[in-house]
Amino acid sequence: MQNHKGLNLDINSLALNESKIDIIVSSGQTEFIEEIGQFISSSILINNNDLGNKSLSFTHSLKLTPLQNDENKIFLFPKIKEKDLKYKISTSHTSDVFDVLKVFDNLSDVIHSNDAYIKEFKTITATNNPDELRQKIEEKILNSNAFKGVHKLKDLFKRSPVQHVDNLAKLLEICQRAEMIDMDYDLKFKLRYWISDILLYGKSN
């Protein structure tokens, strides 16, 4: 914010406990996508991981909020090419403090890498069947034991005559309602990535 005057950053999502941190910070610079009635802005997921190779990572994400209700939101995670950045955007458990500080040099590149993803997202709106995407999300949830107790989530994506998803705006609204459901930190993390992969790339595996 000091380097880019006029850039306002907000914390949109925050989960903390004694061993984990998960924060999503978004830019105040938004673009309206008329086809789906949503505002899109660039954001960054900052989280740590006690297991695996990455101890602290910064992941580019997109925040979508509907025109009618800016309290509802959904976060999508496009695949960013780390080779295009000056430094890695994650650190290992053995990184020294100077390597960690270098990660921050990339954050402005990440937060400003919005244009290509907005163009990609507009292409997706025109090429995918929204109800097929809804079905893929439903199948992922139903086939996972992890979400067995989250009944509201299952009901949300279930197809019914009154809830035929015939456009992407309607599907995004359902996904935004899923984001509001109270659930375990790890489950919400998993759900966000499933929804992202299906909405952005049509993947259900």
# chains A, B, ... in the order shown; residues from 1 in each chain; ligands from 1
call {"tool": "residues_around", "arguments": {"residues": "A:Ser144", "least_positions_apart": "4", "cutoff": "12 Å", "atoms": "only C-alpha atoms", "output": "PDB file with N, CA and C atoms, in the first residue's frame"}}
result
ATOM      1  N   ILE A 137     -19.560 -30.326  -8.517  1.00  0.00           N
ATOM      2  CA  ILE A 137     -19.345 -29.912  -7.126  1.00  0.00           C
ATOM      3  C   ILE A 137     -20.145 -30.807  -6.186  1.00  0.00           C
ATOM      4  N   GLU A 138     -21.406 -31.080  -6.556  1.00  0.00           N
ATOM      5  CA  GLU A 138     -22.258 -31.940  -5.731  1.00  0.00           C
ATOM      6  C   GLU A 138     -21.641 -33.329  -5.568  1.00  0.00           C
ATOM      7  N   GLU A 139     -21.141 -33.888  -6.658  1.00  0.00           N
ATOM      8  CA  GLU A 139     -20.548 -35.231  -6.602  1.00  0.00           C
ATOM      9  C   GLU A 139     -19.312 -35.252  -5.707  1.00  0.00           C
ATOM     10  N   LYS A 140     -18.484 -34.213  -5.790  1.00  0.00           N
ATOM     11  CA  LYS A 140     -17.301 -34.150  -4.938  1.00  0.00           C
ATOM     12  C   LYS A 140     -17.683 -34.159  -3.463  1.00  0.00           C
ATOM     13  N   LYS A 148     -19.478 -35.345   5.448  1.00  0.00           N
ATOM     14  CA  LYS A 148     -20.638 -36.160   5.820  1.00  0.00           C
ATOM     15  C   LYS A 148     -21.581 -35.421   6.778  1.00  0.00           C
ATOM     16  N   GLY A 149     -21.010 -34.669   7.714  1.00  0.00           N
ATOM     17  CA  GLY A 149     -21.846 -34.004   8.714  1.00  0.00           C
ATOM     18  C   GLY A 149     -22.306 -32.614   8.326  1.00  0.00           C
ATOM     19  N   VAL A 150     -21.846 -32.098   7.183  1.00  0.00           N
ATOM     20  CA  VAL A 150     -22.217 -30.728   6.781  1.00  0.00           C
ATOM     21  C   VAL A 150     -23.443 -30.802   5.866  1.00  0.00           C
ATOM     22  N   LYS A 154     -24.593 -30.126   1.458  1.00  0.00           N
ATOM     23  CA  LYS A 154     -25.129 -31.122   0.521  1.00  0.00           C
ATOM     24  C   LYS A 154     -26.445 -30.631  -0.089  1.00  0.00           C
ATOM     25  N   LEU A 187     -11.854 -28.049   6.258  1.00  0.00           N
ATOM     26  CA  LEU A 187     -12.928 -28.358   5.310  1.00  0.00           C
ATOM     27  C   LEU A 187     -13.188 -27.173   4.390  1.00  0.00           C
ATOM     28  N   LYS A 190     -10.499 -26.977   1.801  1.00  0.00           N
ATOM     29  CA  LYS A 190     -10.689 -28.013   0.765  1.00  0.00           C
ATOM     30  C   LYS A 190     -11.823 -27.629  -0.173  1.00  0.00           C
ATOM     31  N   LEU A 191     -12.931 -27.158   0.389  1.00  0.00           N
ATOM     32  CA  LEU A 191     -14.086 -26.788  -0.428  1.00  0.00           C
ATOM     33  C   LEU A 191     -13.744 -25.656  -1.386  1.00  0.00           C
ATOM     34  N   TRP A 194     -11.757 -27.107  -4.293  1.00  0.00           N
ATOM     35  CA  TRP A 194     -12.606 -27.931  -5.168  1.00  0.00           C
ATOM     36  C   TRP A 194     -13.436 -27.035  -6.076  1.00  0.00           C
ATOM     37  N   ASN A 205     -11.444 -33.949 -10.332  1.00  0.00           N
ATOM     38  CA  ASN A 205     -10.531 -34.907  -9.697  1.00  0.00           C
ATOM     39  C   ASN A 205      -9.529 -34.190  -8.827  1.00  0.00           C
TER      40      ASN A 205
END
call {"tool": "residues_around", "arguments": {"residues": "A:Phe75", "least_positions_apart": "3", "cutoff": "7 Å", "atoms": "only C-alpha atoms", "output": "VMD selection string"}}
result
chain A and resid 61 to 64 192
call {"tool": "residues_around", "arguments": {"residues": "stretch 151-153 of chain A", "least_positions_apart": "2", "cutoff": "12 Å", "atoms": "only C-alpha atoms", "output": "list in words"}}
result
Ile137, Glu138, Glu139, Lys140, Ile141, Leu142, Asn145, Ala146, Phe147, Lys148, Gly149, Asp155, Leu156, Phe157, Lys158, Ile174, Cys175, Gln176, Arg177, Ala178, Glu179, Met180, Ile181, Asp182, Met183, Leu187, Lys188 and Leu191 of chain A
call {"tool": "closest_residue", "arguments": {"among": "A:Ile33, A:Ile44, A:Leu9, A:Lys73", "to": "A:Thr123", "atoms": "only C-alpha atoms"}}
result
A:Ile33
call {"tool": "residues_around", "arguments": {"residues": "A:Gln68", "least_positions_apart": "3", "cutoff": "10 Å", "atoms": "only C-alpha atoms", "output": "PyMOL selection string"}}
result
chain A and resi 37-38+65+71-72
call {"tool": "write_last_selection", "arguments": {"atoms": "all heavy atoms", "output": "PDB file, in the first residue's frame"}}
result
ATOM      1  N   GLY A  37     -23.083 -10.347 -13.299  1.00  0.00           N
ATOM      2  CA  GLY A  37     -23.513  -9.439 -12.239  1.00  0.00           C
ATOM      3  C   GLY A  37     -22.641  -9.483 -11.004  1.00  0.00           C
ATOM      4  O   GLY A  37     -23.131  -9.360  -9.873  1.00  0.00           O
ATOM      5  N   GLN A  38     -21.320  -9.651 -11.208  1.00  0.00           N
ATOM      6  CA  GLN A  38     -20.396  -9.786 -10.089  1.00  0.00           C
ATOM      7  C   GLN A  38     -19.211  -8.833 -10.248  1.00  0.00           C
ATOM      8  O   GLN A  38     -18.767  -8.554 -11.357  1.00  0.00           O
ATOM      9  CB  GLN A  38     -19.847 -11.218 -10.035  1.00  0.00           C
ATOM     10  CG  GLN A  38     -20.903 -12.297  -9.849  1.00  0.00           C
ATOM     11  CD  GLN A  38     -21.023 -12.781  -8.418  1.00  0.00           C
ATOM     12  OE1 GLN A  38     -20.144 -12.574  -7.608  1.00  0.00           O
ATOM     13  NE2 GLN A  38     -22.122 -13.434  -8.104  1.00  0.00           N
ATOM     14  N   THR A  65     -17.789 -10.894  -5.782  1.00  0.00           N
ATOM     15  CA  THR A  65     -18.898 -10.459  -4.933  1.00  0.00           C
ATOM     16  C   THR A  65     -20.046 -10.002  -5.821  1.00  0.00           C
ATOM     17  O   THR A  65     -19.822  -9.311  -6.823  1.00  0.00           O
ATOM     18  CB  THR A  65     -18.486  -9.289  -4.007  1.00  0.00           C
ATOM     19  OG1 THR A  65     -17.883  -8.261  -4.785  1.00  0.00           O
ATOM     20  CG2 THR A  65     -17.508  -9.749  -2.953  1.00  0.00           C
ATOM     21  N   GLU A  71     -21.760  -8.592   0.985  1.00  0.00           N
ATOM     22  CA  GLU A  71     -21.389  -9.437   2.126  1.00  0.00           C
ATOM     23  C   GLU A  71     -21.094 -10.861   1.657  1.00  0.00           C
ATOM     24  O   GLU A  71     -20.299 -11.572   2.269  1.00  0.00           O
ATOM     25  CB  GLU A  71     -22.523  -9.456   3.161  1.00  0.00           C
ATOM     26  CG  GLU A  71     -22.711  -8.153   3.920  1.00  0.00           C
ATOM     27  CD  GLU A  71     -21.494  -7.774   4.749  1.00  0.00           C
ATOM     28  OE1 GLU A  71     -20.975  -8.642   5.479  1.00  0.00           O
ATOM     29  OE2 GLU A  71     -21.042  -6.617   4.644  1.00  0.00           O
ATOM     30  N   ASN A  72     -21.766 -11.272   0.592  1.00  0.00           N
ATOM     31  CA  ASN A  72     -21.515 -12.607   0.028  1.00  0.00           C
ATOM     32  C   ASN A  72     -20.267 -12.545  -0.844  1.00  0.00           C
ATOM     33  O   ASN A  72     -20.046 -11.571  -1.548  1.00  0.00           O
ATOM     34  CB  ASN A  72     -22.706 -13.070  -0.822  1.00  0.00           C
ATOM     35  CG  ASN A  72     -23.927 -13.351   0.026  1.00  0.00           C
ATOM     36  OD1 ASN A  72     -23.841 -13.425   1.249  1.00  0.00           O
ATOM     37  ND2 ASN A  72     -25.063 -13.497  -0.619  1.00  0.00           N
TER      38      ASN A  72
END
call {"tool": "residues_around", "arguments": {"residues": "stretch 45-48 of chain A", "least_positions_apart": "2", "cutoff": "8 Å", "atoms": "only C-alpha atoms", "output": "ChimeraX atom specification"}}
result
/A:20-25,43,50,54-61
call {"tool": "write_last_selection", "arguments": {"atoms": "N, CA, C and O atoms", "output": "compact mmCIF listing (two decimals), in the first residue's frame"}}
result
# COMPACT_ATOMS: atom_id res chain seq x y z
N LYS A 20 -2.17 -22.72 13.17
CA LYS A 20 -2.47 -22.39 11.78
C LYS A 20 -2.87 -20.94 11.62
O LYS A 20 -3.45 -20.34 12.51
N ILE A 21 -2.55 -20.43 10.44
CA ILE A 21 -2.99 -19.09 10.06
C ILE A 21 -3.49 -19.14 8.63
O ILE A 21 -2.89 -19.80 7.78
N ASP A 22 -4.60 -18.50 8.36
CA ASP A 22 -5.18 -18.48 7.02
C ASP A 22 -5.86 -17.12 6.85
O ASP A 22 -6.88 -16.86 7.49
N ILE A 23 -5.26 -16.26 6.03
CA ILE A 23 -5.79 -14.91 5.84
C ILE A 23 -5.95 -14.66 4.34
O ILE A 23 -5.06 -14.99 3.56
N ILE A 24 -7.07 -14.09 3.95
CA ILE A 24 -7.23 -13.63 2.57
C ILE A 24 -7.34 -12.12 2.58
O ILE A 24 -8.22 -11.55 3.23
N VAL A 25 -6.40 -11.48 1.87
CA VAL A 25 -6.36 -10.03 1.77
C VAL A 25 -6.71 -9.67 0.33
O VAL A 25 -6.13 -10.21 -0.61
N SER A 43 -6.86 -10.92 -4.97
CA SER A 43 -6.63 -11.13 -3.55
C SER A 43 -5.49 -12.13 -3.35
O SER A 43 -5.03 -12.76 -4.31
N ASP A 50 2.06 -26.90 8.69
CA ASP A 50 3.00 -27.62 9.56
C ASP A 50 3.59 -28.83 8.86
O ASP A 50 4.67 -29.31 9.22
N LYS A 54 6.13 -26.59 2.33
CA LYS A 54 5.92 -25.14 2.44
C LYS A 54 5.49 -24.77 3.86
O LYS A 54 4.50 -25.27 4.36
N SER A 55 6.24 -23.88 4.48
CA SER A 55 5.85 -23.44 5.82
C SER A 55 4.97 -22.20 5.76
O SER A 55 4.07 -22.02 6.56
N LEU A 56 5.24 -21.33 4.78
CA LEU A 56 4.45 -20.11 4.61
C LEU A 56 4.28 -19.87 3.12
O LEU A 56 5.25 -19.89 2.38
N SER A 57 3.06 -19.67 2.67
CA SER A 57 2.86 -19.47 1.24
C SER A 57 1.86 -18.34 0.98
O SER A 57 0.99 -18.06 1.81
N PHE A 58 2.02 -17.73 -0.18
CA PHE A 58 1.17 -16.63 -0.62
C PHE A 58 0.57 -17.06 -1.96
O PHE A 58 1.30 -17.27 -2.92
N THR A 59 -0.73 -17.22 -2.01
CA THR A 59 -1.39 -17.75 -3.20
C THR A 59 -2.33 -16.70 -3.79
O THR A 59 -3.17 -16.14 -3.08
N HIS A 60 -2.16 -16.45 -5.09
CA HIS A 60 -3.05 -15.49 -5.74
C HIS A 60 -4.46 -16.05 -5.79
O HIS A 60 -4.67 -17.23 -6.08
N SER A 61 -5.43 -15.22 -5.51
CA SER A 61 -6.83 -15.64 -5.60
C SER A 61 -7.66 -14.49 -6.17
O SER A 61 -7.20 -13.35 -6.24
call {"tool": "closest_residue", "arguments": {"among": "A:Asn69, A:Ser42, A:Asn167, A:Ser19", "to": "A:Arg134", "atoms": "only C-alpha atoms"}}
result
A:Asn167
call {"tool": "atom_distance", "arguments": {"atom1": "atom CA of A:Glu34", "atom2": "atom CA of A:Phe121"}}
result
12.3 Å
call {"tool": "residues_around", "arguments": {"residues": "A:Ile36", "least_positions_apart": "2", "cutoff": "10 Å", "atoms": "only C-alpha atoms", "output": "mmCIF file with all heavy atoms, in the first residue's frame"}}
result
data_model
loop_
_atom_site.group_PDB
_atom_site.id
_atom_site.type_symbol
_atom_site.label_atom_id
_atom_site.label_comp_id
_atom_site.auth_asym_id
_atom_site.auth_seq_id
_atom_site.Cartn_x
_atom_site.Cartn_y
_atom_site.Cartn_z
ATOM 1 N N PHE A 32 -16.294 -4.812 -12.751
ATOM 2 C CA PHE A 32 -17.617 -5.418 -12.809
ATOM 3 C C PHE A 32 -17.749 -6.260 -14.072
ATOM 4 O O PHE A 32 -17.454 -5.786 -15.170
ATOM 5 C CB PHE A 32 -18.698 -4.337 -12.787
ATOM 6 C CG PHE A 32 -20.102 -4.883 -12.729
ATOM 7 C CD1 PHE A 32 -20.534 -5.600 -11.621
ATOM 8 C CD2 PHE A 32 -20.984 -4.690 -13.783
ATOM 9 C CE1 PHE A 32 -21.825 -6.102 -11.561
ATOM 10 C CE2 PHE A 32 -22.268 -5.183 -13.731
ATOM 11 C CZ PHE A 32 -22.688 -5.897 -12.616
ATOM 12 N N ILE A 33 -18.159 -7.525 -13.911
ATOM 13 C CA ILE A 33 -18.418 -8.401 -15.056
ATOM 14 C C ILE A 33 -19.929 -8.467 -15.246
ATOM 15 O O ILE A 33 -20.642 -9.113 -14.480
ATOM 16 C CB ILE A 33 -17.840 -9.819 -14.833
ATOM 17 C CG1 ILE A 33 -16.336 -9.736 -14.550
ATOM 18 C CG2 ILE A 33 -18.097 -10.701 -16.054
ATOM 19 C CD1 ILE A 33 -15.679 -11.081 -14.320
ATOM 20 N N GLU A 34 -20.389 -7.766 -16.252
ATOM 21 C CA GLU A 34 -21.832 -7.591 -16.446
ATOM 22 C C GLU A 34 -22.548 -8.908 -16.702
ATOM 23 O O GLU A 34 -23.680 -9.114 -16.242
ATOM 24 C CB GLU A 34 -22.074 -6.636 -17.623
ATOM 25 C CG GLU A 34 -23.509 -6.154 -17.714
ATOM 26 C CD GLU A 34 -23.659 -5.034 -18.738
ATOM 27 O OE1 GLU A 34 -22.648 -4.437 -19.150
ATOM 28 O OE2 GLU A 34 -24.809 -4.781 -19.124
ATOM 29 N N GLN A 38 -21.320 -9.651 -11.208
ATOM 30 C CA GLN A 38 -20.396 -9.786 -10.089
ATOM 31 C C GLN A 38 -19.211 -8.833 -10.248
ATOM 32 O O GLN A 38 -18.767 -8.554 -11.357
ATOM 33 C CB GLN A 38 -19.847 -11.218 -10.035
ATOM 34 C CG GLN A 38 -20.903 -12.297 -9.849
ATOM 35 C CD GLN A 38 -21.023 -12.781 -8.418
ATOM 36 O OE1 GLN A 38 -20.144 -12.574 -7.608
ATOM 37 N NE2 GLN A 38 -22.122 -13.434 -8.104
ATOM 38 N N PHE A 39 -18.718 -8.370 -9.097
ATOM 39 C CA PHE A 39 -17.459 -7.633 -9.075
ATOM 40 C C PHE A 39 -16.326 -8.627 -8.843
ATOM 41 O O PHE A 39 -16.458 -9.559 -8.050
ATOM 42 C CB PHE A 39 -17.448 -6.599 -7.943
ATOM 43 C CG PHE A 39 -18.353 -5.429 -8.186
ATOM 44 C CD1 PHE A 39 -19.616 -5.385 -7.613
ATOM 45 C CD2 PHE A 39 -17.948 -4.369 -8.984
ATOM 46 C CE1 PHE A 39 -20.459 -4.304 -7.834
ATOM 47 C CE2 PHE A 39 -18.784 -3.287 -9.213
ATOM 48 C CZ PHE A 39 -20.043 -3.251 -8.640
ATOM 49 N N PRO A 66 -21.274 -10.374 -5.482
ATOM 50 C CA PRO A 66 -22.417 -9.993 -6.324
ATOM 51 C C PRO A 66 -22.755 -8.512 -6.194
ATOM 52 O O PRO A 66 -22.473 -7.878 -5.175
ATOM 53 C CB PRO A 66 -23.556 -10.873 -5.785
ATOM 54 C CG PRO A 66 -23.163 -11.195 -4.387
ATOM 55 C CD PRO A 66 -21.666 -11.211 -4.344
ATOM 56 N N LEU A 67 -23.375 -7.982 -7.219
ATOM 57 C CA LEU A 67 -23.782 -6.575 -7.243
ATOM 58 C C LEU A 67 -24.767 -6.273 -6.120
ATOM 59 O O LEU A 67 -24.713 -5.235 -5.481
ATOM 60 C CB LEU A 67 -24.409 -6.256 -8.607
ATOM 61 C CG LEU A 67 -24.993 -4.853 -8.801
ATOM 62 C CD1 LEU A 67 -23.899 -3.796 -8.685
ATOM 63 C CD2 LEU A 67 -25.683 -4.751 -10.159
ATOM 64 N N LYS A 122 -13.950 -14.693 -18.109
ATOM 65 C CA LYS A 122 -15.025 -14.346 -19.051
ATOM 66 C C LYS A 122 -15.173 -15.432 -20.117
ATOM 67 O O LYS A 122 -16.276 -15.721 -20.574
ATOM 68 C CB LYS A 122 -14.731 -12.994 -19.698
ATOM 69 C CG LYS A 122 -14.958 -11.816 -18.759
ATOM 70 C CD LYS A 122 -14.697 -10.495 -19.469
ATOM 71 C CE LYS A 122 -15.009 -9.322 -18.566
ATOM 72 N NZ LYS A 122 -14.735 -8.023 -19.211
ATOM 73 N N THR A 125 -17.178 -18.280 -18.656
ATOM 74 C CA THR A 125 -18.620 -18.028 -18.560
ATOM 75 C C THR A 125 -19.345 -18.397 -19.849
ATOM 76 O O THR A 125 -20.522 -18.732 -19.838
ATOM 77 C CB THR A 125 -18.907 -16.540 -18.235
ATOM 78 O OG1 THR A 125 -18.467 -15.733 -19.323
ATOM 79 C CG2 THR A 125 -18.231 -16.116 -16.964
ATOM 80 N N ASN A 167 -27.572 -20.663 -15.392
ATOM 81 C CA ASN A 167 -26.583 -19.629 -15.723
ATOM 82 C C ASN A 167 -25.523 -19.572 -14.624
ATOM 83 O O ASN A 167 -25.742 -20.014 -13.493
ATOM 84 C CB ASN A 167 -27.239 -18.265 -15.940
ATOM 85 C CG ASN A 167 -27.965 -17.783 -14.694
ATOM 86 O OD1 ASN A 167 -27.337 -17.400 -13.709
ATOM 87 N ND2 ASN A 167 -29.311 -17.806 -14.740
ATOM 88 N N LEU A 168 -24.376 -19.021 -14.977
ATOM 89 C CA LEU A 168 -23.246 -19.007 -14.054
ATOM 90 C C LEU A 168 -23.503 -18.111 -12.848
ATOM 91 O O LEU A 168 -23.034 -18.400 -11.739
ATOM 92 C CB LEU A 168 -21.982 -18.554 -14.786
ATOM 93 C CG LEU A 168 -20.675 -18.696 -14.011
ATOM 94 C CD1 LEU A 168 -20.400 -20.139 -13.620
ATOM 95 C CD2 LEU A 168 -19.503 -18.140 -14.806
ATOM 96 N N ALA A 169 -24.261 -17.042 -13.043
ATOM 97 C CA ALA A 169 -24.564 -16.139 -11.927
ATOM 98 C C ALA A 169 -25.272 -16.888 -10.802
ATOM 99 O O ALA A 169 -24.972 -16.693 -9.617
ATOM 100 C CB ALA A 169 -25.413 -14.968 -12.418
ATOM 101 N N LYS A 170 -26.202 -17.760 -11.175
ATOM 102 C CA LYS A 170 -26.945 -18.538 -10.181
ATOM 103 C C LYS A 170 -26.018 -19.521 -9.460
ATOM 104 O O LYS A 170 -26.115 -19.712 -8.240
ATOM 105 C CB LYS A 170 -28.103 -19.284 -10.857
ATOM 106 C CG LYS A 170 -29.134 -19.847 -9.893
ATOM 107 C CD LYS A 170 -30.258 -20.561 -10.628
ATOM 108 C CE LYS A 170 -31.166 -19.583 -11.353
ATOM 109 N NZ LYS A 170 -32.345 -20.266 -11.952
ATOM 110 N N LEU A 171 -25.109 -20.144 -10.215
ATOM 111 C CA LEU A 171 -24.161 -21.086 -9.606
ATOM 112 C C LEU A 171 -23.214 -20.355 -8.647
ATOM 113 O O LEU A 171 -22.932 -20.848 -7.549
ATOM 114 C CB LEU A 171 -23.360 -21.805 -10.691
ATOM 115 C CG LEU A 171 -22.283 -22.791 -10.197
ATOM 116 C CD1 LEU A 171 -22.885 -23.865 -9.304
ATOM 117 C CD2 LEU A 171 -21.554 -23.419 -11.377
ATOM 118 N N LEU A 172 -22.749 -19.180 -9.039
ATOM 119 C CA LEU A 172 -21.871 -18.410 -8.163
ATOM 120 C C LEU A 172 -22.590 -18.017 -6.881
ATOM 121 O O LEU A 172 -22.007 -18.020 -5.793
ATOM 122 C CB LEU A 172 -21.366 -17.156 -8.887
ATOM 123 C CG LEU A 172 -20.336 -17.390 -9.992
ATOM 124 C CD1 LEU A 172 -20.091 -16.104 -10.767
ATOM 125 C CD2 LEU A 172 -19.024 -17.921 -9.426
ATOM 126 N N GLU A 173 -23.874 -17.702 -6.991
ATOM 127 C CA GLU A 173 -24.662 -17.357 -5.807
ATOM 128 C C GLU A 173 -24.718 -18.539 -4.835
ATOM 129 O O GLU A 173 -24.587 -18.376 -3.615
ATOM 130 C CB GLU A 173 -26.079 -16.957 -6.227
ATOM 131 C CG GLU A 173 -26.960 -16.547 -5.068
ATOM 132 C CD GLU A 173 -28.420 -16.368 -5.486
ATOM 133 O OE1 GLU A 173 -28.667 -16.110 -6.678
ATOM 134 O OE2 GLU A 173 -29.288 -16.511 -4.626
#
